[in-house]
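One structure is given here, and the rest of the page talks about it.
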Amino acid sequence: MWPFYKLIILIVSVNTFMMSQDTFSIVAVDPETGQVGSAGASCIQGSVIISDIHPGIGGIHTQAYWNAINQDSAASLMNQGFSPDEIIDWLRNNDSQNDSSIRQYGIVDLVGGGRSAAFTGTNCDDYK
């Protein structure tokens, strides 16, 4: 079992008042062992990809409207050593459909004991 005091856990939760559905993402890294794990669920119909794990590096969770081009870009940046904050900034400024307002990201890595960043677009609630 991972020592919980060393975990960096990023939880993104969106609740709606009109529906009793929830969306959540958990991405965790253990800096001591280098393990990466995640779990998540989406209330958006047809949601296929949530978790993108990079063993020994970190993880990327994508919610709301997942986009393959954005996901590939985020994965490439993570593999190049960009920080979670830098990846989020890049995704916000370079969304492949020019609409980061419908995206939601949570990113963690193992650098320096673990870093994390999250982003929820202003229009995520409109797409449930």
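Chain labels follow the order of the structure tokens: the first chain is A, the next B, and so on; residue numbering restarts at 1 in every chain, and ligands are counted from 1 in their shown order.
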Do a neighbour search on segment 95-101 of chain A at 9 Å with only C-alpha atoms, toss out local chain neighbours closer than 5 positions, and write the hits as a CSV table (one decimal) with C-alpha atoms, in the first residue's frame.
chain,number,residue,atom,x,y,z
A,67,ASN,CA,-10.1,15.5,-27.7
A,69,ILE,CA,-5.3,16.0,-30.5
A,70,ASN,CA,-5.3,17.8,-27.1
A,90,TRP,CA,-0.3,25.1,-23.3
A,120,THR,CA,-11.9,23.5,-15.4
A,121,GLY,CA,-13.3,25.5,-18.4
A,122,THR,CA,-16.0,28.1,-17.8
A,123,ASN,CA,-18.5,26.2,-19.9
A,124,CYS,CA,-18.1,22.7,-18.5
Problem set entry | Ser116 of chain A surroundings by only C-alpha atoms, 6 Å radius, close-in-sequence under 2 positions cut, as a VMD selection string | chain A and resid 84 107 to 108
Exercise. When DSSP works through the backbone of this structure, what residues of segment 15-110 of chain A end up as alpha helix (DSSP H), shown as number ranges by chain?
Worked result: A: 68-79, 84-93
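Closest approach to Arg103 of chain A from the set A:Gln45, A:Gln80, A:Thr62, A:Gln71 is made by A:Thr62, with distances taken over only C-alpha atoms.
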